[in-house]
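Heads up: the structure comes next, in structure tokens.
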Amino acid sequence: MNVLIVNINAVYGTSDKPLPFKRGAAMSVLESVSKAFIRIENGIIAEVGSMKDLDTHADVTINAENGMVLPSWCDSHTHIVYAGTREQEFIFRIKGMSYEEIAARGGGILNSAERMQNVDEDQLYDQSLLRLNEVMRMGTGAIEIKSGYGLSYESELKMLRVIKRLKEQSLIPIKATFLGAHAIPKIYQSDRQGYMTLLTEKMLPKIVDEGLADYIDVFCDKGYFTVEETDTILEYGSKYGLKAKIHANELANSGGVQIGVKHNALSVDHLEMIEEKEVQALLASETIPTVLPSCSFYLNIKYAPARMMIDSGLGIAMATDYNPGSTPSGNIPFLINLACNKMKLMPEEAINAITINGAYAMEMNQELGSIEVGKVANLIITKPMDSLAFIPYAFGSNHIHKVIVRGKEI
């Protein structure tokens with residue numbers, strides 16, 4: 001089917017020289033075509049041009065009504081498969097309790113793990129599908145989803161099977177990440193090695209046998225998994241063909257960045273606590289640092305030093321961390337405001353972080369993340385606005401007019 005999007009004020013995120021991801025000063029550049037059209041054939045971008053040169057007809061014509069067109073958001077770090085919500089912990093935080101204090105009282109990850117044991121797979125799928133559809137309507141066109149709220153053989157497999165079902169049914173591409181090493185479950189508190197054995201010798205073989213994961217992740221931080229434990233888990237993951245992604249340096253300068261780089265991790269995520277040595281390790285690698293500003297906002301903790309990282313020459317990705325405890329939101333337009341307002345990124349840098357760089361953090365940069373001929377037509381059409389800065393500026397408004405997935409309006 002041939003589709004035309006016409007009367008576009010400007011198409012942003014075009015590229016004449018495709019890059020794996022944008023780094024340093026290049027992150028402030030968001031290439032564009034003004035007064036444009038986009039032609040789509042069978043869900044793939046076939047042409048981007050000026051309206052004055054338009055001389056083709058289509059089976060379907062979509063009028064952008066002078067809005068902007070952007071690549072859809074590529075959300076490379078989420079936990080949207082979870083059972084139930086955790087409002088009580090929000091109240092605890094209002095009263096002054098810290099993340100660690102809530103976890104010590106049985107809240108946090110262990111709270112979600114207990115709920116996961118008591119939900120059946122169909123219920124879990126239905127809850128998660130609602131969240132997936134919600135973020136799609138807000139412009140998300142590709143997403144990564146982690147396990148990690150199971151923390152047992154049965155529950156981790158249940159989560160990953162639900163993610164697989166979402167993959168099979170979803171209009172947008174999904175990557176699955178095995179995060180059994182999210183926390184030590186209660187029954188293994190005095191037997192860490194026993195849980196390590198369960199992860200590496202029982203869970204991993206079954207997960208790989210059923211084709212349930214694309215990546216493996218570890219929460220390498222104070223109070224969770226040590227650098228040595230992370231090293232072991234990632235070694236096992238590599239043997240089973242799973243690339244690494246790391247939760248690192250959220251609560252302390254944990255060494256997680258360096259162990260991620262050692263294992264050629266696709267991304268190291270969080271990074272609220274990093275220094276020059278971590279930046280230098282990343283500069284010498286192809287691992288992309290991923291910042292999660294809505295987690296910092298929600299927990300009232302330090303923001304990752306994204307401005308410093310970009311000024312040092314790094315490229316960064318940005319993601320929502322959508323989860324029930326520290327970021328119960330998949331709202332990327334608000335995320336862009338946080339990046340600009342709290343991290344001092346320019347709007348163009350924030351958009352590159354959540355499009356082409358987010359795509360790289362899921363190995364989807366050959367298909368998504370920019371508006372190029374040959375890429376999948378997952379696009380956002382905004383309402384009319386004078387500049388992209390209006391998106392983070394007017395952060396409480398819905399600026400999305402239409403969402404296009406594989407060339408079709410959803």
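We name chains A, B, ... following the order of the structure tokens; residues begin at 1 in each chain, and ligands are numbered from 1 as shown.
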field: helix (DSSP H, G or I) positions in region 169-304 of chain A, given as a ChimeraX atom specification
entry: /A:169,186-188,192-209,227-239,256-262,276-283,293-299
Keeping only C-alpha atoms, write the selected residues to a file as a PDB file, in the first residue's frame.
ATOM      1  CA  GLN A 169       0.758  -9.344  19.138  1.00  0.00           C
ATOM      2  CA  LYS A 186      13.727 -13.219  50.440  1.00  0.00           C
ATOM      3  CA  ILE A 187      14.235 -16.974  50.546  1.00  0.00           C
ATOM      4  CA  TYR A 188      17.833 -16.585  49.334  1.00  0.00           C
ATOM      5  CA  ARG A 192      23.326 -15.588  47.642  1.00  0.00           C
ATOM      6  CA  GLN A 193      25.300 -18.300  45.892  1.00  0.00           C
ATOM      7  CA  GLY A 194      22.202 -20.479  45.772  1.00  0.00           C
ATOM      8  CA  TYR A 195      20.346 -17.772  43.886  1.00  0.00           C
ATOM      9  CA  MET A 196      23.328 -17.244  41.579  1.00  0.00           C
ATOM     10  CA  THR A 197      23.232 -20.954  40.760  1.00  0.00           C
ATOM     11  CA  LEU A 198      19.493 -20.796  40.103  1.00  0.00           C
ATOM     12  CA  LEU A 199      19.991 -17.860  37.721  1.00  0.00           C
ATOM     13  CA  THR A 200      22.897 -19.266  35.781  1.00  0.00           C
ATOM     14  CA  GLU A 201      22.299 -23.005  35.752  1.00  0.00           C
ATOM     15  CA  LYS A 202      18.516 -23.364  35.744  1.00  0.00           C
ATOM     16  CA  MET A 203      16.833 -20.173  34.539  1.00  0.00           C
ATOM     17  CA  LEU A 204      19.231 -19.240  31.737  1.00  0.00           C
ATOM     18  CA  PRO A 205      19.191 -22.602  29.886  1.00  0.00           C
ATOM     19  CA  LYS A 206      15.368 -22.695  29.955  1.00  0.00           C
ATOM     20  CA  ILE A 207      15.030 -19.073  28.826  1.00  0.00           C
ATOM     21  CA  VAL A 208      17.388 -19.598  25.907  1.00  0.00           C
ATOM     22  CA  ASP A 209      15.753 -22.908  24.995  1.00  0.00           C
ATOM     23  CA  VAL A 227      30.762  -6.368  40.533  1.00  0.00           C
ATOM     24  CA  GLU A 228      32.034  -9.936  40.986  1.00  0.00           C
ATOM     25  CA  GLU A 229      28.523 -11.411  40.873  1.00  0.00           C
ATOM     26  CA  THR A 230      27.684  -9.263  37.844  1.00  0.00           C
ATOM     27  CA  ASP A 231      30.830 -10.474  36.089  1.00  0.00           C
ATOM     28  CA  THR A 232      29.817 -14.093  36.646  1.00  0.00           C
ATOM     29  CA  ILE A 233      26.222 -13.606  35.483  1.00  0.00           C
ATOM     30  CA  LEU A 234      27.248 -11.767  32.332  1.00  0.00           C
ATOM     31  CA  GLU A 235      29.833 -14.472  31.536  1.00  0.00           C
ATOM     32  CA  TYR A 236      27.055 -17.057  31.665  1.00  0.00           C
ATOM     33  CA  GLY A 237      24.792 -14.836  29.579  1.00  0.00           C
ATOM     34  CA  SER A 238      27.469 -14.491  26.922  1.00  0.00           C
ATOM     35  CA  LYS A 239      27.897 -18.276  26.765  1.00  0.00           C
ATOM     36  CA  GLY A 256      28.880  -1.195  37.116  1.00  0.00           C
ATOM     37  CA  VAL A 257      29.951   0.978  34.200  1.00  0.00           C
ATOM     38  CA  GLN A 258      33.384  -0.636  34.001  1.00  0.00           C
ATOM     39  CA  ILE A 259      32.045  -4.175  34.238  1.00  0.00           C
ATOM     40  CA  GLY A 260      29.514  -3.334  31.537  1.00  0.00           C
ATOM     41  CA  VAL A 261      32.248  -2.028  29.253  1.00  0.00           C
ATOM     42  CA  LYS A 262      34.348  -5.132  29.977  1.00  0.00           C
ATOM     43  CA  GLU A 276      35.531  11.055  35.019  1.00  0.00           C
ATOM     44  CA  LYS A 277      36.864   7.483  35.103  1.00  0.00           C
ATOM     45  CA  GLU A 278      33.470   6.132  34.027  1.00  0.00           C
ATOM     46  CA  VAL A 279      33.261   8.692  31.225  1.00  0.00           C
ATOM     47  CA  GLN A 280      36.705   7.685  29.973  1.00  0.00           C
ATOM     48  CA  ALA A 281      35.762   3.996  30.045  1.00  0.00           C
ATOM     49  CA  LEU A 282      32.669   4.734  27.964  1.00  0.00           C
ATOM     50  CA  LEU A 283      34.552   6.930  25.505  1.00  0.00           C
ATOM     51  CA  PRO A 293      15.469  11.311  34.265  1.00  0.00           C
ATOM     52  CA  SER A 294      11.905  10.457  35.294  1.00  0.00           C
ATOM     53  CA  CYS A 295      13.318   7.999  37.856  1.00  0.00           C
ATOM     54  CA  SER A 296      15.336  10.852  39.399  1.00  0.00           C
ATOM     55  CA  PHE A 297      12.255  13.075  39.315  1.00  0.00           C
ATOM     56  CA  TYR A 298      10.015  10.522  40.995  1.00  0.00           C
ATOM     57  CA  LEU A 299      12.493   9.432  43.671  1.00  0.00           C
TER      58      LEU A 299
END
field: Non-local contacts of Ala83 (chain A) (8 Å; only C-alpha atoms; under 3 positions in same chain excluded) as a PyMOL selection string
entry: chain A and resi 112+115-116+119+124+127
Residues of the last selection are to be written out with C-alpha atoms, as a PDB file, in the first residue's frame.
ATOM      1  CA  SER A 112       6.498  -6.528  43.138  1.00  0.00           C
ATOM      2  CA  ARG A 115       2.627  -9.756  43.727  1.00  0.00           C
ATOM      3  CA  MET A 116       4.028 -11.493  40.640  1.00  0.00           C
ATOM      4  CA  VAL A 119      -1.046 -13.314  39.350  1.00  0.00           C
ATOM      5  CA  LEU A 124      -0.431 -10.253  33.700  1.00  0.00           C
ATOM      6  CA  GLN A 127      -2.439  -5.515  32.464  1.00  0.00           C
TER       7      GLN A 127
END
message: Show me, as number ranges by chain, the residues that have an atom within 12 Å of Gly107 (chain A) when counting only C-alpha atoms, minus same-chain residues fewer than 3 positions from it.
response: A: 85-90, 92-93, 97-104, 110-115, 183, 186, 324-326
Can I get the selection written as a PDB file, in the first residue's frame, with N, CA and C atoms?
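The result, written out as again20.pdb:
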ATOM      1  N   THR A  85       0.055  -2.232  41.468  1.00  0.00           N
ATOM      2  CA  THR A  85       0.732  -0.953  41.625  1.00  0.00           C
ATOM      3  C   THR A  85       1.213  -0.789  43.073  1.00  0.00           C
ATOM      4  N   ARG A  86       1.975   0.290  43.332  1.00  0.00           N
ATOM      5  CA  ARG A  86       2.602   0.462  44.642  1.00  0.00           C
ATOM      6  C   ARG A  86       2.415   1.885  45.162  1.00  0.00           C
ATOM      7  N   GLU A  87       1.153   2.320  45.220  1.00  0.00           N
ATOM      8  CA  GLU A  87       0.884   3.685  45.678  1.00  0.00           C
ATOM      9  C   GLU A  87       1.327   3.925  47.120  1.00  0.00           C
ATOM     10  N   GLN A  88       1.266   2.875  47.958  1.00  0.00           N
ATOM     11  CA  GLN A  88       1.621   3.071  49.365  1.00  0.00           C
ATOM     12  C   GLN A  88       3.077   3.521  49.501  1.00  0.00           C
ATOM     13  N   GLU A  89       3.926   3.025  48.619  1.00  0.00           N
ATOM     14  CA  GLU A  89       5.330   3.441  48.674  1.00  0.00           C
ATOM     15  C   GLU A  89       5.488   4.913  48.293  1.00  0.00           C
ATOM     16  N   PHE A  90       4.624   5.392  47.432  1.00  0.00           N
ATOM     17  CA  PHE A  90       4.608   6.820  47.100  1.00  0.00           C
ATOM     18  C   PHE A  90       4.302   7.645  48.354  1.00  0.00           C
ATOM     19  N   PHE A  92       4.868   6.653  51.432  1.00  0.00           N
ATOM     20  CA  PHE A  92       6.056   6.554  52.290  1.00  0.00           C
ATOM     21  C   PHE A  92       7.111   7.590  51.898  1.00  0.00           C
ATOM     22  N   ARG A  93       7.291   7.773  50.597  1.00  0.00           N
ATOM     23  CA  ARG A  93       8.311   8.743  50.139  1.00  0.00           C
ATOM     24  C   ARG A  93       7.887  10.174  50.503  1.00  0.00           C
ATOM     25  N   MET A  97      10.645   8.701  53.655  1.00  0.00           N
ATOM     26  CA  MET A  97      11.424   7.473  53.604  1.00  0.00           C
ATOM     27  C   MET A  97      12.201   7.385  52.298  1.00  0.00           C
ATOM     28  N   SER A  98      13.393   6.839  52.365  1.00  0.00           N
ATOM     29  CA  SER A  98      14.238   6.683  51.177  1.00  0.00           C
ATOM     30  C   SER A  98      13.906   5.387  50.446  1.00  0.00           C
ATOM     31  N   TYR A  99      14.428   5.272  49.232  1.00  0.00           N
ATOM     32  CA  TYR A  99      14.275   4.055  48.432  1.00  0.00           C
ATOM     33  C   TYR A  99      14.784   2.848  49.212  1.00  0.00           C
ATOM     34  N   GLU A 100      15.955   3.006  49.845  1.00  0.00           N
ATOM     35  CA  GLU A 100      16.553   1.895  50.594  1.00  0.00           C
ATOM     36  C   GLU A 100      15.718   1.541  51.817  1.00  0.00           C
ATOM     37  N   GLU A 101      15.169   2.551  52.500  1.00  0.00           N
ATOM     38  CA  GLU A 101      14.341   2.293  53.681  1.00  0.00           C
ATOM     39  C   GLU A 101      13.052   1.563  53.314  1.00  0.00           C
ATOM     40  N   ILE A 102      12.461   1.947  52.196  1.00  0.00           N
ATOM     41  CA  ILE A 102      11.245   1.266  51.739  1.00  0.00           C
ATOM     42  C   ILE A 102      11.555  -0.182  51.389  1.00  0.00           C
ATOM     43  N   ALA A 103      12.688  -0.398  50.720  1.00  0.00           N
ATOM     44  CA  ALA A 103      13.090  -1.771  50.378  1.00  0.00           C
ATOM     45  C   ALA A 103      13.319  -2.607  51.628  1.00  0.00           C
ATOM     46  N   ALA A 104      13.911  -2.004  52.662  1.00  0.00           N
ATOM     47  CA  ALA A 104      14.189  -2.731  53.904  1.00  0.00           C
ATOM     48  C   ALA A 104      12.910  -3.153  54.614  1.00  0.00           C
ATOM     49  N   LEU A 110      11.103  -6.361  45.885  1.00  0.00           N
ATOM     50  CA  LEU A 110      10.576  -7.568  46.542  1.00  0.00           C
ATOM     51  C   LEU A 110       9.062  -7.511  46.697  1.00  0.00           C
ATOM     52  N   ASN A 111       8.503  -6.325  46.840  1.00  0.00           N
ATOM     53  CA  ASN A 111       7.055  -6.148  46.882  1.00  0.00           C
ATOM     54  C   ASN A 111       6.446  -6.614  45.554  1.00  0.00           C
ATOM     55  N   SER A 112       7.014  -6.133  44.454  1.00  0.00           N
ATOM     56  CA  SER A 112       6.498  -6.528  43.138  1.00  0.00           C
ATOM     57  C   SER A 112       6.697  -8.016  42.879  1.00  0.00           C
ATOM     58  N   ALA A 113       7.792  -8.575  43.390  1.00  0.00           N
ATOM     59  CA  ALA A 113       8.034 -10.008  43.207  1.00  0.00           C
ATOM     60  C   ALA A 113       6.964 -10.838  43.907  1.00  0.00           C
ATOM     61  N   GLU A 114       6.556 -10.412  45.102  1.00  0.00           N
ATOM     62  CA  GLU A 114       5.497 -11.134  45.822  1.00  0.00           C
ATOM     63  C   GLU A 114       4.178 -11.068  45.060  1.00  0.00           C
ATOM     64  N   ARG A 115       3.851  -9.893  44.516  1.00  0.00           N
ATOM     65  CA  ARG A 115       2.627  -9.756  43.727  1.00  0.00           C
ATOM     66  C   ARG A 115       2.683 -10.626  42.470  1.00  0.00           C
ATOM     67  N   ALA A 183      17.274  -8.356  42.181  1.00  0.00           N
ATOM     68  CA  ALA A 183      17.443  -8.309  43.634  1.00  0.00           C
ATOM     69  C   ALA A 183      17.571  -9.760  44.110  1.00  0.00           C
ATOM     70  N   LYS A 186      13.723 -13.017  48.987  1.00  0.00           N
ATOM     71  CA  LYS A 186      13.727 -13.219  50.440  1.00  0.00           C
ATOM     72  C   LYS A 186      14.265 -14.589  50.835  1.00  0.00           C
ATOM     73  N   PRO A 324       6.614   0.005  38.346  1.00  0.00           N
ATOM     74  CA  PRO A 324       5.604   0.345  39.352  1.00  0.00           C
ATOM     75  C   PRO A 324       6.128   1.073  40.574  1.00  0.00           C
ATOM     76  N   GLY A 325       7.452   1.119  40.761  1.00  0.00           N
ATOM     77  CA  GLY A 325       7.976   1.661  41.994  1.00  0.00           C
ATOM     78  C   GLY A 325       8.676   2.993  41.880  1.00  0.00           C
ATOM     79  N   SER A 326       9.557   3.133  40.893  1.00  0.00           N
ATOM     80  CA  SER A 326      10.358   4.352  40.811  1.00  0.00           C
ATOM     81  C   SER A 326      10.034   5.224  39.606  1.00  0.00           C
TER      82      SER A 326
END
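Among A:Met51, A:Ile40, A:Ile184, A:Ala64, the residue with the shortest atom-to-atom distance to Lys383 (chain A), counting only C-alpha atoms, is A:Ala64.
Nearest residue to Met1 (chain A), choosing from A:His57, A:His182, A:Arg23, A:Lys402 and counting only C-alpha atoms: A:His57.
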message: Please identify the strand (DSSP E) residues within region 86-333 of chain A (assignment by DSSP from backbone atoms) and present them as a PyMOL selection string.
response: chain A and resi 140-146+174-181+215-220+243-248+267-270+288-291+317-318
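With CA of Asn2 (chain A) on one side and CA of Ala377 (chain A) on the other, the separation reads 11.8 Å.
Here CA of Ile354 (chain A) is placed at a distance of 19.8 Å from CA of Val33 (chain A).
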message: I want to know what sits within 10 Å of region 165-167 of chain A, based on only C-alpha atoms, with residues of the same chain fewer than 5 positions away left out; could you give that as a PyMOL selection string?
response: chain A and resi 81+125-126+128-129+132+143+145+159-160+172-176+212
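Using only C-alpha atoms, the contacts of Ile274 (chain A) at a cut-off of 9 Å, with sequence neighbours closer than 6 positions omitted, comprise A:Asn249, A:Glu250, A:Ala252, A:Asn253, A:Ser254, A:Val257, A:Ala304, A:Pro305.
Among the candidates A:Gly148, A:Gly84, A:Gly211, A:Pro20, the one nearest to His247 (chain A) when counting only C-alpha atoms is A:Gly148.
Counting only C-alpha atoms, the residue from A:Ala26, A:Leu54, A:Met273, A:Ile45 that sits nearest to Asn352 (chain A) is A:Ala26.
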- prompt: Could you name the residues that touch Ser32 (chain A) at 8 Å or less, counting only C-alpha atoms, but leaving out those on the same chain fewer than 5 positions away, as a PyMOL selection string?
  reply: chain A and resi 10-14
task: Determine the nearest neighbour of Leu179 (chain A) from the options A:Tyr153, A:Tyr360, A:Tyr303, A:Phe219, counting only C-alpha atoms.
output: A:Phe219
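For the set A:Gly255, A:Glu349, A:Tyr224, A:Leu266, the residue with the smallest atom-to-atom gap to Gly24 (chain A) is A:Glu349, counting only C-alpha atoms.
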